[in-house]
file data-v5.tsv (TSV, N, CA, C and O atoms)
chain	number	residue	atom	x	y	z
E	1	MET	N	-15.40	-6.98	-7.86
E	1	MET	CA	-14.91	-5.91	-7.02
E	1	MET	C	-15.94	-4.79	-6.80
E	1	MET	O	-15.90	-4.18	-5.76
E	2	PRO	N	-16.80	-4.51	-7.76
E	2	PRO	CA	-17.75	-3.41	-7.53
E	2	PRO	C	-18.59	-3.61	-6.27
E	2	PRO	O	-18.87	-2.65	-5.57
E	3	ASP	N	-19.01	-4.85	-5.97
E	3	ASP	CA	-19.77	-5.10	-4.76
E	3	ASP	C	-18.95	-4.76	-3.53
E	3	ASP	O	-19.45	-4.20	-2.57
E	4	ARG	N	-17.69	-5.12	-3.57
E	4	ARG	CA	-16.81	-4.84	-2.44
E	4	ARG	C	-16.66	-3.33	-2.26
E	4	ARG	O	-16.65	-2.84	-1.14
E	5	LEU	N	-16.53	-2.63	-3.35
E	5	LEU	CA	-16.38	-1.18	-3.28
E	5	LEU	C	-17.65	-0.53	-2.76
E	5	LEU	O	-17.59	0.41	-1.98
E	6	ALA	N	-18.80	-1.05	-3.16
E	6	ALA	CA	-20.07	-0.49	-2.71
E	6	ALA	C	-20.18	-0.51	-1.19
E	6	ALA	O	-20.75	0.40	-0.58
E	7	SER	N	-19.60	-1.53	-0.57
E	7	SER	CA	-19.68	-1.61	0.89
E	7	SER	C	-18.75	-0.60	1.56
E	7	SER	O	-18.78	-0.46	2.78
E	8	HIS	N	-17.95	0.09	0.77
E	8	HIS	CA	-17.03	1.10	1.31
E	8	HIS	C	-17.29	2.48	0.72
E	8	HIS	O	-16.40	3.34	0.71
E	9	ASP	N	-18.51	2.70	0.26
E	9	ASP	CA	-18.87	4.00	-0.32
E	9	ASP	C	-18.63	5.14	0.66
E	9	ASP	O	-18.22	6.23	0.25
E	10	ASP	N	-18.88	4.90	1.94
E	10	ASP	CA	-18.67	5.96	2.93
E	10	ASP	C	-17.20	6.35	3.01
E	10	ASP	O	-16.86	7.53	3.15
E	11	LEU	N	-16.30	5.39	2.86
E	11	LEU	CA	-14.87	5.69	2.86
E	11	LEU	C	-14.48	6.46	1.60
E	11	LEU	O	-13.72	7.44	1.68
E	12	VAL	N	-15.01	6.06	0.46
E	12	VAL	CA	-14.75	6.79	-0.79
E	12	VAL	C	-15.25	8.22	-0.65
E	12	VAL	O	-14.54	9.17	-1.00
E	13	ASP	N	-16.45	8.40	-0.14
E	13	ASP	CA	-17.01	9.74	0.07
E	13	ASP	C	-16.11	10.57	0.98
E	13	ASP	O	-15.86	11.75	0.72
E	14	HIS	N	-15.64	9.95	2.05
E	14	HIS	CA	-14.75	10.66	2.99
E	14	HIS	C	-13.47	11.10	2.29
E	14	HIS	O	-13.01	12.24	2.48
E	15	LEU	N	-12.87	10.22	1.49
E	15	LEU	CA	-11.64	10.59	0.78
E	15	LEU	C	-11.87	11.73	-0.21
E	15	LEU	O	-11.03	12.62	-0.34
E	16	VAL	N	-13.01	11.72	-0.88
E	16	VAL	CA	-13.33	12.80	-1.83
E	16	VAL	C	-13.48	14.12	-1.08
E	16	VAL	O	-12.97	15.16	-1.53
E	17	ARG	N	-14.14	14.09	0.09
E	17	ARG	CA	-14.33	15.32	0.87
E	17	ARG	C	-13.03	15.82	1.49
E	17	ARG	O	-12.82	17.02	1.61
E	18	SER	N	-12.16	14.90	1.92
E	18	SER	CA	-11.01	15.30	2.71
E	18	SER	C	-9.69	15.39	1.94
E	18	SER	O	-8.66	15.76	2.52
E	19	THR	N	-9.72	15.06	0.65
E	19	THR	CA	-8.52	15.14	-0.18
E	19	THR	C	-8.86	15.79	-1.51
E	19	THR	O	-10.01	16.12	-1.77
E	20	ALA	N	-7.85	15.91	-2.34
E	20	ALA	CA	-8.07	16.45	-3.69
E	20	ALA	C	-8.40	15.36	-4.69
E	20	ALA	O	-8.49	15.62	-5.90
E	21	LEU	N	-8.63	14.14	-4.21
E	21	LEU	CA	-8.93	13.02	-5.10
E	21	LEU	C	-10.33	13.14	-5.68
E	21	LEU	O	-11.27	13.53	-5.00
E	22	GLN	N	-10.45	12.79	-6.95
E	22	GLN	CA	-11.76	12.65	-7.58
E	22	GLN	C	-12.33	11.30	-7.15
E	22	GLN	O	-11.62	10.43	-6.66
E	23	ARG	N	-13.63	11.10	-7.35
E	23	ARG	CA	-14.29	9.87	-6.89
E	23	ARG	C	-13.63	8.61	-7.47
E	23	ARG	O	-13.39	7.66	-6.75
E	24	GLY	N	-13.32	8.60	-8.75
E	24	GLY	CA	-12.70	7.43	-9.37
E	24	GLY	C	-11.33	7.15	-8.78
E	24	GLY	O	-10.97	5.98	-8.54
E	25	GLU	N	-10.57	8.19	-8.52
E	25	GLU	CA	-9.24	8.03	-7.91
E	25	GLU	C	-9.37	7.49	-6.49
E	25	GLU	O	-8.63	6.59	-6.08
E	26	ALA	N	-10.31	8.04	-5.74
E	26	ALA	CA	-10.52	7.59	-4.36
E	26	ALA	C	-10.95	6.12	-4.34
E	26	ALA	O	-10.50	5.35	-3.50
E	27	ALA	N	-11.80	5.73	-5.27
E	27	ALA	CA	-12.24	4.34	-5.36
E	27	ALA	C	-11.06	3.42	-5.64
E	27	ALA	O	-10.93	2.34	-5.04
E	28	ARG	N	-10.15	3.83	-6.54
E	28	ARG	CA	-8.97	3.01	-6.84
E	28	ARG	C	-8.07	2.89	-5.61
E	28	ARG	O	-7.50	1.83	-5.34
E	29	VAL	N	-7.93	3.97	-4.85
E	29	VAL	CA	-7.12	3.93	-3.64
E	29	VAL	C	-7.71	2.94	-2.65
E	29	VAL	O	-7.00	2.11	-2.09
E	30	VAL	N	-9.02	3.00	-2.46
E	30	VAL	CA	-9.68	2.08	-1.52
E	30	VAL	C	-9.48	0.64	-1.98
E	30	VAL	O	-9.13	-0.24	-1.18
E	31	LEU	N	-9.66	0.37	-3.27
E	31	LEU	CA	-9.47	-1.00	-3.78
E	31	LEU	C	-8.02	-1.46	-3.61
E	31	LEU	O	-7.77	-2.62	-3.27
E	32	ASP	N	-7.07	-0.56	-3.83
E	32	ASP	CA	-5.66	-0.91	-3.64
E	32	ASP	C	-5.37	-1.25	-2.18
E	32	ASP	O	-4.65	-2.21	-1.89
E	33	VAL	N	-5.91	-0.46	-1.27
E	33	VAL	CA	-5.69	-0.71	0.16
E	33	VAL	C	-6.34	-2.04	0.57
E	33	VAL	O	-5.73	-2.84	1.29
E	34	LEU	N	-7.55	-2.29	0.10
E	34	LEU	CA	-8.22	-3.55	0.41
E	34	LEU	C	-7.42	-4.73	-0.13
E	34	LEU	O	-7.25	-5.75	0.56
E	35	ALA	N	-6.89	-4.62	-1.34
E	35	ALA	CA	-6.08	-5.69	-1.92
E	35	ALA	C	-4.82	-5.90	-1.10
E	35	ALA	O	-4.40	-7.04	-0.88
E	36	TYR	N	-4.23	-4.82	-0.64
E	36	TYR	CA	-3.01	-4.92	0.18
E	36	TYR	C	-3.29	-5.72	1.46
E	36	TYR	O	-2.53	-6.60	1.83
E	37	PHE	N	-4.40	-5.43	2.09
E	37	PHE	CA	-4.72	-6.12	3.35
E	37	PHE	C	-5.30	-7.51	3.13
E	37	PHE	O	-5.40	-8.29	4.07
E	38	ASP	N	-5.68	-7.85	1.91
E	38	ASP	CA	-6.14	-9.20	1.59
E	38	ASP	C	-4.98	-10.16	1.38
E	38	ASP	O	-5.16	-11.37	1.36
E	39	GLU	N	-3.80	-9.63	1.23
E	39	GLU	CA	-2.62	-10.44	0.95
E	39	GLU	C	-2.36	-11.41	2.12
E	39	GLU	O	-2.33	-11.00	3.28
E	40	THR	N	-2.18	-12.68	1.80
E	40	THR	CA	-1.88	-13.66	2.84
E	40	THR	C	-0.45	-13.46	3.34
E	40	THR	O	0.35	-12.78	2.70
E	41	THR	N	-0.14	-14.08	4.45
E	41	THR	CA	1.23	-14.01	4.98
E	41	THR	C	2.22	-14.54	3.95
E	41	THR	O	3.25	-13.91	3.70
E	42	GLU	N	1.89	-15.66	3.33
E	42	GLU	CA	2.80	-16.25	2.34
E	42	GLU	C	3.00	-15.31	1.15
E	42	GLU	O	4.12	-15.14	0.67
E	43	GLU	N	1.91	-14.70	0.67
E	43	GLU	CA	2.03	-13.76	-0.44
E	43	GLU	C	2.87	-12.55	-0.05
E	43	GLU	O	3.71	-12.08	-0.84
E	44	PHE	N	2.67	-12.05	1.17
E	44	PHE	CA	3.46	-10.92	1.66
E	44	PHE	C	4.94	-11.28	1.71
E	44	PHE	O	5.79	-10.52	1.24
E	45	VAL	N	5.26	-12.44	2.28
E	45	VAL	CA	6.66	-12.85	2.41
E	45	VAL	C	7.31	-12.96	1.03
E	45	VAL	O	8.41	-12.44	0.81
E	46	ARG	N	6.63	-13.60	0.10
E	46	ARG	CA	7.20	-13.74	-1.25
E	46	ARG	C	7.37	-12.39	-1.93
E	46	ARG	O	8.40	-12.13	-2.57
E	47	ARG	N	6.36	-11.53	-1.81
E	47	ARG	CA	6.44	-10.21	-2.45
E	47	ARG	C	7.58	-9.40	-1.86
E	47	ARG	O	8.39	-8.81	-2.58
E	48	ARG	N	7.66	-9.34	-0.53
E	48	ARG	CA	8.72	-8.55	0.11
E	48	ARG	C	10.10	-9.11	-0.21
E	48	ARG	O	11.04	-8.36	-0.43
E	49	HIS	N	10.21	-10.43	-0.28
E	49	HIS	CA	11.49	-11.04	-0.64
E	49	HIS	C	11.91	-10.58	-2.04
E	49	HIS	O	13.06	-10.16	-2.24
E	50	ARG	N	10.98	-10.64	-2.99
E	50	ARG	CA	11.29	-10.19	-4.36
E	50	ARG	C	11.70	-8.72	-4.37
E	50	ARG	O	12.67	-8.34	-5.02
E	51	GLU	N	10.92	-7.88	-3.66
E	51	GLU	CA	11.20	-6.45	-3.64
E	51	GLU	C	12.58	-6.16	-3.05
E	51	GLU	O	13.36	-5.38	-3.62
E	52	LEU	N	12.87	-6.76	-1.92
E	52	LEU	CA	14.14	-6.49	-1.24
E	52	LEU	C	15.31	-7.07	-2.03
E	52	LEU	O	16.38	-6.45	-2.14
E	53	GLN	N	15.11	-8.24	-2.63
E	53	GLN	CA	16.16	-8.86	-3.43
E	53	GLN	C	16.45	-8.01	-4.66
E	53	GLN	O	17.62	-7.81	-5.02
E	54	SER	N	15.40	-7.49	-5.29
E	54	SER	CA	15.62	-6.65	-6.47
E	54	SER	C	16.29	-5.33	-6.10
E	54	SER	O	16.91	-4.68	-6.95
E	55	GLY	N	16.20	-4.94	-4.84
E	55	GLY	CA	16.88	-3.75	-4.36
E	55	GLY	C	18.32	-4.00	-3.95
E	55	GLY	O	19.01	-3.11	-3.46
E	56	GLY	N	18.78	-5.26	-4.11
E	56	GLY	CA	20.17	-5.58	-3.83
E	56	GLY	C	20.44	-6.17	-2.46
E	56	GLY	O	21.59	-6.44	-2.13
E	57	ALA	N	19.42	-6.38	-1.65
E	57	ALA	CA	19.63	-6.95	-0.32
E	57	ALA	C	19.96	-8.43	-0.43
E	57	ALA	O	19.57	-9.10	-1.38
E	58	VAL	N	20.68	-8.93	0.55
E	58	VAL	CA	21.04	-10.35	0.59
E	58	VAL	C	20.06	-11.09	1.51
E	58	VAL	O	19.45	-10.49	2.39
E	59	ASN	N	19.92	-12.40	1.27
E	59	ASN	CA	18.90	-13.18	1.98
E	59	ASN	C	18.97	-13.06	3.50
E	59	ASN	O	17.94	-12.96	4.15
E	60	ALA	N	20.16	-13.08	4.07
E	60	ALA	CA	20.26	-13.00	5.53
E	60	ALA	C	19.57	-11.72	6.04
E	60	ALA	O	18.81	-11.76	7.01
E	61	ASP	N	19.81	-10.62	5.37
E	61	ASP	CA	19.19	-9.35	5.76
E	61	ASP	C	17.71	-9.32	5.40
E	61	ASP	O	16.88	-8.79	6.15
E	62	ILE	N	17.37	-9.90	4.26
E	62	ILE	CA	15.98	-9.91	3.80
E	62	ILE	C	15.08	-10.62	4.81
E	62	ILE	O	14.04	-10.09	5.22
E	63	PHE	N	15.47	-11.82	5.23
E	63	PHE	CA	14.61	-12.58	6.13
E	63	PHE	C	14.52	-11.94	7.51
E	63	PHE	O	13.47	-11.98	8.15
E	64	GLU	N	15.59	-11.33	7.96
E	64	GLU	CA	15.54	-10.59	9.24
E	64	GLU	C	14.55	-9.43	9.12
E	64	GLU	O	13.75	-9.19	10.03
E	65	ARG	N	14.62	-8.72	8.02
E	65	ARG	CA	13.73	-7.56	7.83
E	65	ARG	C	12.27	-8.00	7.73
E	65	ARG	O	11.39	-7.38	8.34
E	66	ILE	N	12.01	-9.06	6.96
E	66	ILE	CA	10.64	-9.55	6.84
E	66	ILE	C	10.11	-9.99	8.20
E	66	ILE	O	8.97	-9.68	8.57
E	67	ALA	N	10.93	-10.68	8.96
E	67	ALA	CA	10.52	-11.12	10.30
E	67	ALA	C	10.17	-9.92	11.18
E	67	ALA	O	9.22	-9.97	11.98
E	68	ALA	N	10.91	-8.82	11.02
E	68	ALA	CA	10.63	-7.62	11.81
E	68	ALA	C	9.38	-6.90	11.32
E	68	ALA	O	8.68	-6.25	12.10
E	69	GLU	N	9.06	-7.00	10.04
E	69	GLU	CA	7.88	-6.33	9.47
E	69	GLU	C	6.57	-7.04	9.77
E	69	GLU	O	5.53	-6.41	9.93
E	70	LEU	N	6.60	-8.37	9.83
E	70	LEU	CA	5.36	-9.14	9.97
E	70	LEU	C	4.50	-8.75	11.17
E	70	LEU	O	3.28	-8.64	11.02
E	71	PRO	N	5.06	-8.51	12.35
E	71	PRO	CA	4.20	-8.16	13.48
E	71	PRO	C	3.47	-6.82	13.32
E	71	PRO	O	2.53	-6.53	14.05
E	72	HIS	N	3.88	-6.03	12.34
E	72	HIS	CA	3.28	-4.71	12.15
E	72	HIS	C	2.21	-4.70	11.06
E	72	HIS	O	1.67	-3.64	10.72
E	73	ARG	N	1.90	-5.87	10.53
E	73	ARG	CA	0.81	-5.97	9.55
E	73	ARG	C	-0.51	-5.70	10.27
E	73	ARG	O	-0.61	-5.85	11.49
E	74	ALA	N	-1.53	-5.31	9.53
E	74	ALA	CA	-2.83	-4.99	10.13
E	74	ALA	C	-3.36	-6.16	10.96
E	74	ALA	O	-3.86	-5.98	12.06
E	75	VAL	N	-3.25	-7.36	10.43
E	75	VAL	CA	-3.59	-8.56	11.18
E	75	VAL	C	-2.31	-9.38	11.21
E	75	VAL	O	-1.97	-10.06	10.25
E	76	ALA	N	-1.60	-9.26	12.30
E	76	ALA	CA	-0.29	-9.90	12.40
E	76	ALA	C	-0.43	-11.42	12.46
E	76	ALA	O	-1.24	-11.93	13.22
E	77	PRO	N	0.36	-12.12	11.65
E	77	PRO	CA	0.34	-13.58	11.71
E	77	PRO	C	1.10	-14.05	12.94
E	77	PRO	O	1.78	-13.26	13.59
E	78	PRO	N	1.03	-15.34	13.23
E	78	PRO	CA	1.86	-15.86	14.33
E	78	PRO	C	3.33	-15.65	13.98
E	78	PRO	O	3.69	-15.57	12.80
E	79	GLU	N	4.16	-15.56	14.98
E	79	GLU	CA	5.58	-15.35	14.74
E	79	GLU	C	6.15	-16.52	13.94
E	79	GLU	O	5.90	-17.68	14.26
E	80	LEU	N	6.90	-16.20	12.88
E	80	LEU	CA	7.51	-17.22	12.04
E	80	LEU	C	9.02	-17.16	12.20
E	80	LEU	O	9.60	-16.07	12.25
E	81	SER	N	9.64	-18.32	12.26
E	81	SER	CA	11.10	-18.36	12.36
E	81	SER	C	11.70	-18.01	11.00
E	81	SER	O	11.01	-18.05	9.96
E	82	LEU	N	12.98	-17.70	10.99
E	82	LEU	CA	13.66	-17.42	9.72
E	82	LEU	C	13.60	-18.64	8.81
E	82	LEU	O	13.42	-18.51	7.60
E	83	ARG	N	13.68	-19.82	9.38
E	83	ARG	CA	13.58	-21.06	8.60
E	83	ARG	C	12.20	-21.16	7.94
E	83	ARG	O	12.08	-21.52	6.77
E	84	GLN	N	11.14	-20.84	8.69
E	84	GLN	CA	9.79	-20.89	8.12
E	84	GLN	C	9.64	-19.87	6.99
E	84	GLN	O	9.00	-20.16	5.98
E	85	LEU	N	10.22	-18.70	7.15
E	85	LEU	CA	10.17	-17.69	6.09
E	85	LEU	C	10.88	-18.19	4.84
E	85	LEU	O	10.38	-18.04	3.72
E	86	ARG	N	12.05	-18.80	5.00
E	86	ARG	CA	12.78	-19.35	3.86
E	86	ARG	C	11.96	-20.42	3.15
E	86	ARG	O	11.94	-20.49	1.92
E	87	ARG	N	11.28	-21.26	3.93
E	87	ARG	CA	10.47	-22.32	3.34
E	87	ARG	C	9.31	-21.75	2.52
E	87	ARG	O	8.91	-22.32	1.52
E	88	ILE	N	8.75	-20.62	2.97
E	88	ILE	CA	7.67	-19.98	2.21
E	88	ILE	C	8.19	-19.56	0.84
E	88	ILE	O	7.53	-19.74	-0.18
E	89	VAL	N	9.39	-19.00	0.81
E	89	VAL	CA	9.95	-18.50	-0.45
E	89	VAL	C	10.45	-19.64	-1.32
E	89	VAL	O	10.20	-19.68	-2.53
E	90	TYR	N	11.17	-20.57	-0.74
E	90	TYR	CA	11.84	-21.60	-1.53
E	90	TYR	C	11.21	-22.98	-1.49
E	90	TYR	O	11.65	-23.88	-2.16
E	91	GLY	N	10.18	-23.13	-0.69
E	91	GLY	CA	9.47	-24.41	-0.62
E	91	GLY	C	10.08	-25.42	0.30
E	91	GLY	O	10.98	-25.34	1.00
call {"tool": "encode", "arguments": {"input": "data-v5.tsv", "output": "structure tokens"}}
result
Amino acid sequence: MPDRLASHDDLVDHLVRSTALQRGEAARVVLDVLAYFDETTEEFVRRRHRELQSGGAVNADIFERIAAELPHRAVAPPELSLRQLRRIVYG
């Protein structure tokens, strides 16, 4: 990860200048954001399903919500049907 962070030193510097974050905190934020955007569609679907299910949502609502969220990802995947989303979670 350090190599990856080095390529984003300008972003870390910007966060230090424009926020109250210390350099180490800003670096962790950048790494967290990069990890978030590295998540594959399948990983996102599984993670969101777990999160929403643990919050008490039922599958019918969960898959509708995930389907609505996917187009708003930084790099939107192709549109997936509710059946395809279920298959990602349950195989």
call {"tool": "atom_distance", "arguments": {"input": "data-v5.tsv", "atom1": "atom C of Val45 of chain E", "atom2": "atom C of Ile88 of chain E"}}
result
6.7 Å
call {"tool": "residues_around", "arguments": {"input": "data-v5.tsv", "residues": "segment 26-38 of chain E", "least_positions_apart": "5", "cutoff": "10 Å", "atoms": "only C-alpha atoms", "output": "ChimeraX atom specification"}}
result
/E:1-2,4-6,8-9,11-16,19-21,43-44,73-75
call {"tool": "atom_distance", "arguments": {"input": "data-v5.tsv", "atom1": "atom O of Ala67 of chain E", "atom2": "atom C of Glu51 of chain E"}}
result
15.9 Å
call {"tool": "axis_aligned_box", "arguments": {"input": "data-v5.tsv", "around": "segment 12-23 of chain E", "padding_each_side": "8 Å", "output": "AutoDock Vina command-line options"}}
result
--center_x -12.4 --center_y 11.5 --center_z -2.3 --size_x 25.2 --size_y 27.0 --size_z 26.6
call {"tool": "atom_distance", "arguments": {"input": "data-v5.tsv", "atom1": "atom N of Val58 of chain E", "atom2": "atom CA of Tyr90 of chain E"}}
result
15.6 Å
call {"tool": "closest_residue", "arguments": {"input": "data-v5.tsv", "among": "E:Ser7, E:Ser54, E:His49, E:Val89", "to": "Ile66 of chain E", "atoms": "only N, CA, C and O atoms"}}
result
E:His49
call {"tool": "select_by_dssp", "arguments": {"input": "data-v5.tsv", "residues": "chain E", "states": "alpha helix (DSSP H)", "output": "MDAnalysis selection string"}}
result
chainID E and resid 2:6 9:18 23:38 41:54 59:69 82:90
call {"tool": "closest_residue", "arguments": {"input": "data-v5.tsv", "among": "E:Leu82, E:Arg17, E:Ala76, E:Arg23", "to": "Asn59 of chain E", "atoms": "only N, CA, C and O atoms"}}
result
E:Leu82
call {"tool": "build_atoms", "arguments": {"input": "data-v5.tsv", "residues": "segment 58-69 of chain E", "atoms": "all heavy atoms", "output": "CSV table (one decimal), in the coordinates of the input"}}
result
chain,number,residue,atom,x,y,z
E,58,VAL,N,20.7,-8.9,0.6
E,58,VAL,CA,21.0,-10.4,0.6
E,58,VAL,C,20.1,-11.1,1.5
E,58,VAL,O,19.4,-10.5,2.4
E,58,VAL,CB,22.5,-10.6,1.1
E,58,VAL,CG1,23.5,-10.0,0.1
E,58,VAL,CG2,22.7,-10.0,2.5
E,59,ASN,N,19.9,-12.4,1.3
E,59,ASN,CA,18.9,-13.2,2.0
E,59,ASN,C,19.0,-13.1,3.5
E,59,ASN,O,17.9,-13.0,4.2
E,59,ASN,CB,19.0,-14.6,1.6
E,59,ASN,CG,18.2,-14.9,0.3
E,59,ASN,OD1,17.4,-14.1,-0.1
E,59,ASN,ND2,18.5,-16.0,-0.3
E,60,ALA,N,20.2,-13.1,4.1
E,60,ALA,CA,20.3,-13.0,5.5
E,60,ALA,C,19.6,-11.7,6.0
E,60,ALA,O,18.8,-11.8,7.0
E,60,ALA,CB,21.7,-13.0,6.0
E,61,ASP,N,19.8,-10.6,5.4
E,61,ASP,CA,19.2,-9.4,5.8
E,61,ASP,C,17.7,-9.3,5.4
E,61,ASP,O,16.9,-8.8,6.2
E,61,ASP,CB,19.9,-8.2,5.1
E,61,ASP,CG,21.3,-8.0,5.5
E,61,ASP,OD1,21.6,-8.5,6.7
E,61,ASP,OD2,22.1,-7.5,4.8
E,62,ILE,N,17.4,-9.9,4.3
E,62,ILE,CA,16.0,-9.9,3.8
E,62,ILE,C,15.1,-10.6,4.8
E,62,ILE,O,14.0,-10.1,5.2
E,62,ILE,CB,15.9,-10.6,2.4
E,62,ILE,CG1,16.5,-9.7,1.3
E,62,ILE,CG2,14.4,-10.9,2.1
E,62,ILE,CD1,16.6,-10.3,0.0
E,63,PHE,N,15.5,-11.8,5.2
E,63,PHE,CA,14.6,-12.6,6.1
E,63,PHE,C,14.5,-11.9,7.5
E,63,PHE,O,13.5,-12.0,8.2
E,63,PHE,CB,15.1,-14.0,6.2
E,63,PHE,CG,14.8,-14.8,4.9
E,63,PHE,CD1,15.8,-15.3,4.1
E,63,PHE,CD2,13.5,-14.9,4.4
E,63,PHE,CE1,15.6,-15.9,2.9
E,63,PHE,CE2,13.2,-15.6,3.2
E,63,PHE,CZ,14.3,-16.1,2.5
E,64,GLU,N,15.6,-11.3,8.0
E,64,GLU,CA,15.5,-10.6,9.2
E,64,GLU,C,14.6,-9.4,9.1
E,64,GLU,O,13.8,-9.2,10.0
E,64,GLU,CB,16.9,-10.1,9.6
E,64,GLU,CG,17.9,-11.1,10.0
E,64,GLU,CD,17.7,-11.6,11.4
E,64,GLU,OE1,17.0,-11.0,12.2
E,64,GLU,OE2,18.2,-12.7,11.8
E,65,ARG,N,14.6,-8.7,8.0
E,65,ARG,CA,13.7,-7.6,7.8
E,65,ARG,C,12.3,-8.0,7.7
E,65,ARG,O,11.4,-7.4,8.3
E,65,ARG,CB,14.1,-6.8,6.6
E,65,ARG,CG,13.3,-5.6,6.4
E,65,ARG,CD,14.0,-4.6,5.5
E,65,ARG,NE,13.1,-3.5,5.3
E,65,ARG,CZ,13.3,-2.5,4.4
E,65,ARG,NH1,14.4,-2.6,3.7
E,65,ARG,NH2,12.5,-1.6,4.2
E,66,ILE,N,12.0,-9.1,7.0
E,66,ILE,CA,10.6,-9.6,6.8
E,66,ILE,C,10.1,-10.0,8.2
E,66,ILE,O,9.0,-9.7,8.6
E,66,ILE,CB,10.5,-10.7,5.8
E,66,ILE,CG1,10.8,-10.2,4.4
E,66,ILE,CG2,9.2,-11.4,5.9
E,66,ILE,CD1,11.0,-11.2,3.3
E,67,ALA,N,10.9,-10.7,9.0
E,67,ALA,CA,10.5,-11.1,10.3
E,67,ALA,C,10.2,-9.9,11.2
E,67,ALA,O,9.2,-10.0,12.0
E,67,ALA,CB,11.6,-12.0,10.9
E,68,ALA,N,10.9,-8.8,11.0
E,68,ALA,CA,10.6,-7.6,11.8
E,68,ALA,C,9.4,-6.9,11.3
E,68,ALA,O,8.7,-6.2,12.1
E,68,ALA,CB,11.8,-6.7,11.7
E,69,GLU,N,9.1,-7.0,10.0
E,69,GLU,CA,7.9,-6.3,9.5
E,69,GLU,C,6.6,-7.0,9.8
E,69,GLU,O,5.5,-6.4,9.9
E,69,GLU,CB,8.0,-6.2,7.9
E,69,GLU,CG,9.1,-5.2,7.5
E,69,GLU,CD,9.3,-5.1,6.0
E,69,GLU,OE1,8.6,-5.9,5.3
E,69,GLU,OE2,10.1,-4.3,5.6
